[in-house]
Amino acid sequence: MTASSCRFLLSVCLVFACLCCRQPKEQPLAFSEPPPERLDSIGAWLENPDHFQDTTFLEFFDNYFKQQVGAGRIDSAAHLLCLAGKNMCVNYAFDSSFIQTNIRFVAQYGQQIPSRYRTGIYLNLGDMYATVENYESSDFYFRKTLVSPGDYQTALNVAAAKSGMMYNFQNTGKLDSALLIGYEALDLFEKLGSVQGKMAVYTTLSGVYKYLSDYSEAEILGDQARSIALQSRDSNNIYMMYKDKVALYDEMGHPELSAWIDSLYQFYKAWQPKSPSYKLDALSTYSLKLVREGKLPEAGKILHEMAPLYKVVQNDYFSDEYLYALAAYEQKLNNGIAHADLYKRQLPILAEYQDFNRLILFNSVLSENAVLQNDYKNAYHYNQASVAARDSLREKEIRMQVKELDKKYQTEKKEQQIALQQIKLAQKNTLIGFLLAGLAALSLAGVAWYFWRLQKQTKKESAIQQQFTRQLLENTEEERGRIARDLHDSVSHELLTLKREMHDPGATKRIDYIINDIRQISRNLHPVMLESIGLKLSLETLCDQYMEQGELFISHDIHYSSKLHGTAELQLFRIVQEAVSNTIKYAGADACKVTLQEKGPALLLRIQDNGQGFEVEKALNSGKSFGLRSILQRSKAIGARADIRSSAQGTVIEIAIHNDII
């Protein structure tokens, strides 16, 4: 049966979390997984699922449990409840006395026992109530498990409780809620690294999708669960994953159903479980296959051997499996049903879970059985119920087809919405692009305006600095002229008067030397001849004077016909004077050449020597190169460009000045 099958599969997988970390798990992400708790011999015996078949299991547990409580070992007693509860869940057992023991214990000691035990007990209670389809009580205890976890095992119990609630939602028709909380449980199991937990969720999710007739998704999820079961090598889980595949293929009418039933049966024979529930299930599934293949004698023999097992197993799911196979067998024989009341009792359950295939079969069997007994009224009643079930099945198939068409429609609709969103996004991106481009243009304009203002301010400051330098130089030249005139007009005049009054020839000669020196100093301070003879002759005279002093071989090549204003000519004269003076003092040169030429719209002054050279930048940064800085400042003052180059082969100073300075 579809819903019961899902419950059966979930129960096997869900209760693994009731114990305190006895199974190895992957490395968790949210909490650190503790090592397995050590068990004494009695605890290990209670944990073993095979020992539940011992008729003294509950009595043995009860005696040891009371001893632990009486000795005040409350944590040990709580652990025992988790171990025994796991075994009860694995074997689908429900014992009222055991249930009450759990409830009384957690009510009295729940606040003092660790969270992993308290939530483990609540989890067991929720699962055991789900086994007897008391979903209201099951949900009550599952919800009490949902606490804020502070350790690995508590978090594991919370995830398992959500998985159990998903199973309950499925069986009560709340499929949306089942999927929602199911994926919450799956996410938590992922974070904890629990492969067993993921298997439990995959199994139940597969059942939900099977109930929705989404067989493709159900098979994918079921295969994921089976893959985990095979890796875990847990026989219980492996068997149930085989059974899940068989149940799915049975509902689908899949052509590989028979092969999967054979695989299930072969695994059962190799496993040989002690639980009568698994025996009844495996034999019921295999005998139904034999009936469908027409192997009635062999099927009848197995069904006859199963009758005692049916009386032992008190579980709706396994009872249904047996009755399903028995009904198919008796229908093939056309001899009537031996125990019609067994089938009648299952009809409300099958209707509740909408297991239409079995409703059709059971009602058909009961209808034919009524005809054999000449009970035509009930025969008509069961036949109508069978037709209604068939119509419901057809309606379910139509719903499935509509669901597939709706899925395609929703897919196309979503694709159209995505395309429309992409168009809107492209339009939005285009608008954003224009806005960004506009913003970039404004930014560039702002940057350009800023640099224009900065350049304008720089030019203004440069002009002011140039004007200041020019004014300073002019003032300096005026002061030099005044001193030169004073030397010439005053000092020289007084010396001449003194010479005329002296009658000593030696003193007179000495005074002549002094007068010549003063005249030379006066000429150096202020070249008065520049204004009268011009720049060309003044430069030639200056070079000749240096030659006459014998300190340096100096040649000149002066070609100057333009007329610069007086200040510019004076600064060029001073530049030559400063450059040659530096060469004599520091260069250690033998020769020097001064060239002044007109080249197109510009006038080029060049002073070159063959001295030892120097590092220009280092000299300028030293703070002691007054001569070099004087050359640069004088050039700048008249709007000229100065270039100073020096190496081991000598030094070259070039001054370029445009004729528009004239």
# chains A, B, ... in the order shown; residues from 1 in each chain; ligands from 1
>>> residues_around(residues="range 607-614 of chain A", least_positions_apart="5", cutoff="12 Å", atoms="only C-alpha atoms", output="compact mmCIF listing (two decimals) with C-alpha atoms, in the first residue's frame")
# COMPACT_ATOMS: atom_id res chain seq x y z
CA LEU A 539 79.84 89.39 -25.80
CA CYS A 543 85.28 86.72 -24.42
CA LEU A 552 91.10 80.07 -20.49
CA PHE A 553 91.22 79.68 -24.25
CA ILE A 554 87.84 81.00 -25.28
CA SER A 555 86.44 81.40 -28.76
CA HIS A 556 83.20 82.91 -29.92
CA ASP A 557 80.79 82.70 -32.83
CA ILE A 558 78.25 85.49 -32.47
CA LEU A 572 71.88 86.89 -21.80
CA PHE A 573 75.10 88.80 -21.15
CA ILE A 575 74.29 84.20 -18.33
CA VAL A 576 77.44 84.12 -20.50
CA GLN A 577 79.38 85.94 -17.79
CA GLU A 578 78.18 83.46 -15.11
CA ALA A 579 78.78 80.37 -17.28
CA VAL A 580 82.33 81.34 -18.27
CA SER A 581 83.14 82.32 -14.69
CA ASN A 582 81.94 78.86 -13.46
CA THR A 583 84.04 77.17 -16.15
CA ILE A 584 87.17 79.03 -15.01
CA LYS A 585 86.53 78.34 -11.30
CA TYR A 586 85.27 74.72 -11.26
CA ALA A 587 85.46 72.91 -14.62
CA GLY A 588 89.22 72.51 -14.95
CA ALA A 589 88.70 73.16 -18.68
CA ASP A 590 91.29 74.19 -21.29
CA ALA A 591 88.89 75.71 -23.77
CA CYS A 592 85.44 77.16 -23.98
CA LYS A 593 83.27 78.39 -26.88
CA VAL A 594 80.35 80.85 -26.83
CA THR A 595 77.89 80.66 -29.73
CA LEU A 596 74.87 82.91 -30.39
CA GLN A 597 72.82 82.08 -33.48
CA ALA A 619 74.60 70.06 -7.93
CA LEU A 620 71.21 71.76 -8.19
CA SER A 625 75.08 75.94 -6.90
CA LEU A 628 73.67 77.37 -12.02
CA ILE A 631 71.43 80.93 -15.02
CA ALA A 642 67.52 76.67 -20.28
CA ASP A 643 69.08 73.23 -20.74
CA ILE A 644 72.22 72.20 -18.81
CA ARG A 645 74.00 68.94 -19.75
CA SER A 646 77.26 67.68 -18.30
CA SER A 647 79.46 64.59 -18.62
CA ALA A 648 83.09 63.57 -18.41
CA GLN A 649 83.61 65.19 -21.86
CA GLY A 650 82.47 68.61 -20.66
CA THR A 651 79.45 70.80 -20.01
CA VAL A 652 76.94 72.34 -22.43
CA ILE A 653 74.56 75.16 -21.49
CA GLU A 654 71.89 76.07 -24.07
CA ILE A 655 69.47 78.99 -23.78
CA ALA A 656 66.61 79.12 -26.32
>>> select_by_dssp(residues="range 192-284 of chain A", states="helix (DSSP H, G or I)", output="JSON, numbers by chain")
{"A": [192, 195, 196, 197, 198, 199, 200, 201, 202, 203, 204, 205, 206, 207, 208, 209, 210, 211, 215, 216, 217, 218, 219, 220, 221, 222, 223, 224, 225, 226, 227, 228, 229, 230, 231, 232, 235, 236, 237, 238, 239, 240, 241, 242, 243, 244, 245, 246, 247, 248, 249, 250, 251, 252, 257, 258, 259, 260, 261, 262, 263, 264, 265, 266, 267, 268, 269, 270, 271, 276, 277, 278, 279, 280, 281, 282, 283, 284]}
>>> residues_around(residues="Ala44 in chain A", least_positions_apart="2", cutoff="12 Å", atoms="only C-alpha atoms", output="list in words")
Leu19, Arg22, Glu37, Arg38, Leu39, Asp40, Ser41, Ile42, Leu46, Glu47, Asn48, Pro49, Asp50, His51, Phe61, His79, Leu80, Leu83, Ala84 and Asn87 of chain A
>>> residues_around(residues="range 272-274 of chain A", least_positions_apart="6", cutoff="9 Å", atoms="only C-alpha atoms", output="JSON list (two decimals) with C-alpha atoms, in the first residue's frame")
[["chain", "number", "residue", "atom", "x", "y", "z"],
["A", 50, "ASP", "CA", 17.70, -9.39, 16.93],
["A", 53, "GLN", "CA", 12.44, -11.38, 19.37],
["A", 235, "SER", "CA", 20.74, -5.23, 5.91],
["A", 236, "ASN", "CA", 17.50, -3.73, 7.27]]
>>> residues_around(residues="Gly566 in chain A", least_positions_apart="4", cutoff="9 Å", atoms="only C-alpha atoms", output="list in words")
Leu530, Glu531, Leu570, Gln571 and Ile662 of chain A
>>> write_last_selection(atoms="C-alpha atoms", output="PDB file, in the first residue's frame")
ATOM      1  CA  LEU A 530      76.133  97.072 -23.561  1.00  0.00           C
ATOM      2  CA  GLU A 531      73.793  99.976 -24.002  1.00  0.00           C
ATOM      3  CA  LEU A 570      71.393  92.148 -20.219  1.00  0.00           C
ATOM      4  CA  GLN A 571      70.247  88.729 -18.853  1.00  0.00           C
ATOM      5  CA  ILE A 662      61.896  91.774 -28.727  1.00  0.00           C
TER       6      ILE A 662
END
>>> residues_around(residues="Arg345 in chain A", least_positions_apart="4", cutoff="12 Å", atoms="only C-alpha atoms", output="compact mmCIF listing (two decimals) with N, CA and C atoms, in the first residue's frame")
# COMPACT_ATOMS: atom_id res chain seq x y z
N ASP A 316 -0.29 -3.37 10.33
CA ASP A 316 -1.21 -3.19 9.21
C ASP A 316 -0.54 -3.38 7.86
N SER A 319 0.21 -7.05 7.18
CA SER A 319 -1.07 -7.73 7.02
C SER A 319 -1.65 -7.45 5.65
N ASP A 320 -1.56 -6.20 5.22
CA ASP A 320 -2.07 -5.83 3.90
C ASP A 320 -1.33 -6.56 2.79
N LEU A 323 -2.63 -10.13 2.70
CA LEU A 323 -3.99 -10.20 2.16
C LEU A 323 -4.03 -9.87 0.68
N HIS A 339 -11.65 -16.27 4.09
CA HIS A 339 -11.83 -15.36 5.23
C HIS A 339 -12.15 -13.96 4.71
N ALA A 340 -13.40 -13.79 4.26
CA ALA A 340 -13.81 -12.52 3.65
C ALA A 340 -13.72 -11.37 4.64
N ASP A 341 -13.91 -11.65 5.93
CA ASP A 341 -13.89 -10.57 6.92
C ASP A 341 -12.52 -9.89 6.98
N ILE A 349 -9.30 1.21 5.43
CA ILE A 349 -7.90 1.64 5.46
C ILE A 349 -7.41 1.95 4.05
N LEU A 350 -7.77 1.06 3.09
CA LEU A 350 -7.36 1.29 1.71
C LEU A 350 -7.99 2.56 1.15
N ALA A 351 -9.25 2.81 1.53
CA ALA A 351 -9.93 4.02 1.06
C ALA A 351 -9.28 5.26 1.64
N LEU A 359 -8.12 -1.48 -3.70
CA LEU A 359 -9.57 -1.35 -3.53
C LEU A 359 -10.31 -2.05 -4.66
N PHE A 362 -9.75 -5.92 -3.95
CA PHE A 362 -10.48 -6.44 -2.80
C PHE A 362 -11.99 -6.40 -3.03
N ASN A 363 -12.50 -5.31 -3.61
CA ASN A 363 -13.94 -5.23 -3.88
C ASN A 363 -14.37 -6.22 -4.95
N LEU A 366 -14.47 -9.60 -3.22
CA LEU A 366 -15.65 -9.69 -2.35
C LEU A 366 -16.94 -9.77 -3.17
>>> closest_residue(among="A:Thr203, A:Gln153, A:Ser561, A:Thr101", to="Pro35 in chain A", atoms="only C-alpha atoms")
A:Gln153
>>> residues_around(residues="Ser367 in chain A", least_positions_apart="2", cutoff="9 Å", atoms="only C-alpha atoms", output="PDB file with C-alpha atoms, in the first residue's frame")
ATOM      1  CA  PHE A 362     -10.478  -6.440  -2.799  1.00  0.00           C
ATOM      2  CA  ASN A 363     -13.941  -5.225  -3.876  1.00  0.00           C
ATOM      3  CA  SER A 364     -13.827  -7.438  -6.982  1.00  0.00           C
ATOM      4  CA  VAL A 365     -12.872 -10.443  -4.853  1.00  0.00           C
ATOM      5  CA  ASN A 369     -17.391 -14.190  -3.459  1.00  0.00           C
ATOM      6  CA  ALA A 370     -20.901 -12.778  -2.838  1.00  0.00           C
ATOM      7  CA  VAL A 371     -22.075 -14.089  -6.231  1.00  0.00           C
ATOM      8  CA  LEU A 372     -20.832 -17.565  -5.303  1.00  0.00           C
ATOM      9  CA  ASP A 375     -25.698 -12.694  -2.156  1.00  0.00           C
ATOM     10  CA  TYR A 376     -26.435 -10.477  -5.155  1.00  0.00           C
ATOM     11  CA  ASN A 378     -23.601  -7.320  -1.626  1.00  0.00           C
ATOM     12  CA  ALA A 379     -22.205  -8.480  -4.946  1.00  0.00           C
ATOM     13  CA  TYR A 380     -23.711  -5.353  -6.538  1.00  0.00           C
ATOM     14  CA  HIS A 381     -22.467  -3.184  -3.654  1.00  0.00           C
ATOM     15  CA  TYR A 382     -18.857  -4.441  -3.930  1.00  0.00           C
ATOM     16  CA  ASN A 383     -18.965  -4.241  -7.701  1.00  0.00           C
ATOM     17  CA  SER A 386     -14.797  -1.559  -7.416  1.00  0.00           C
TER      18      SER A 386
END
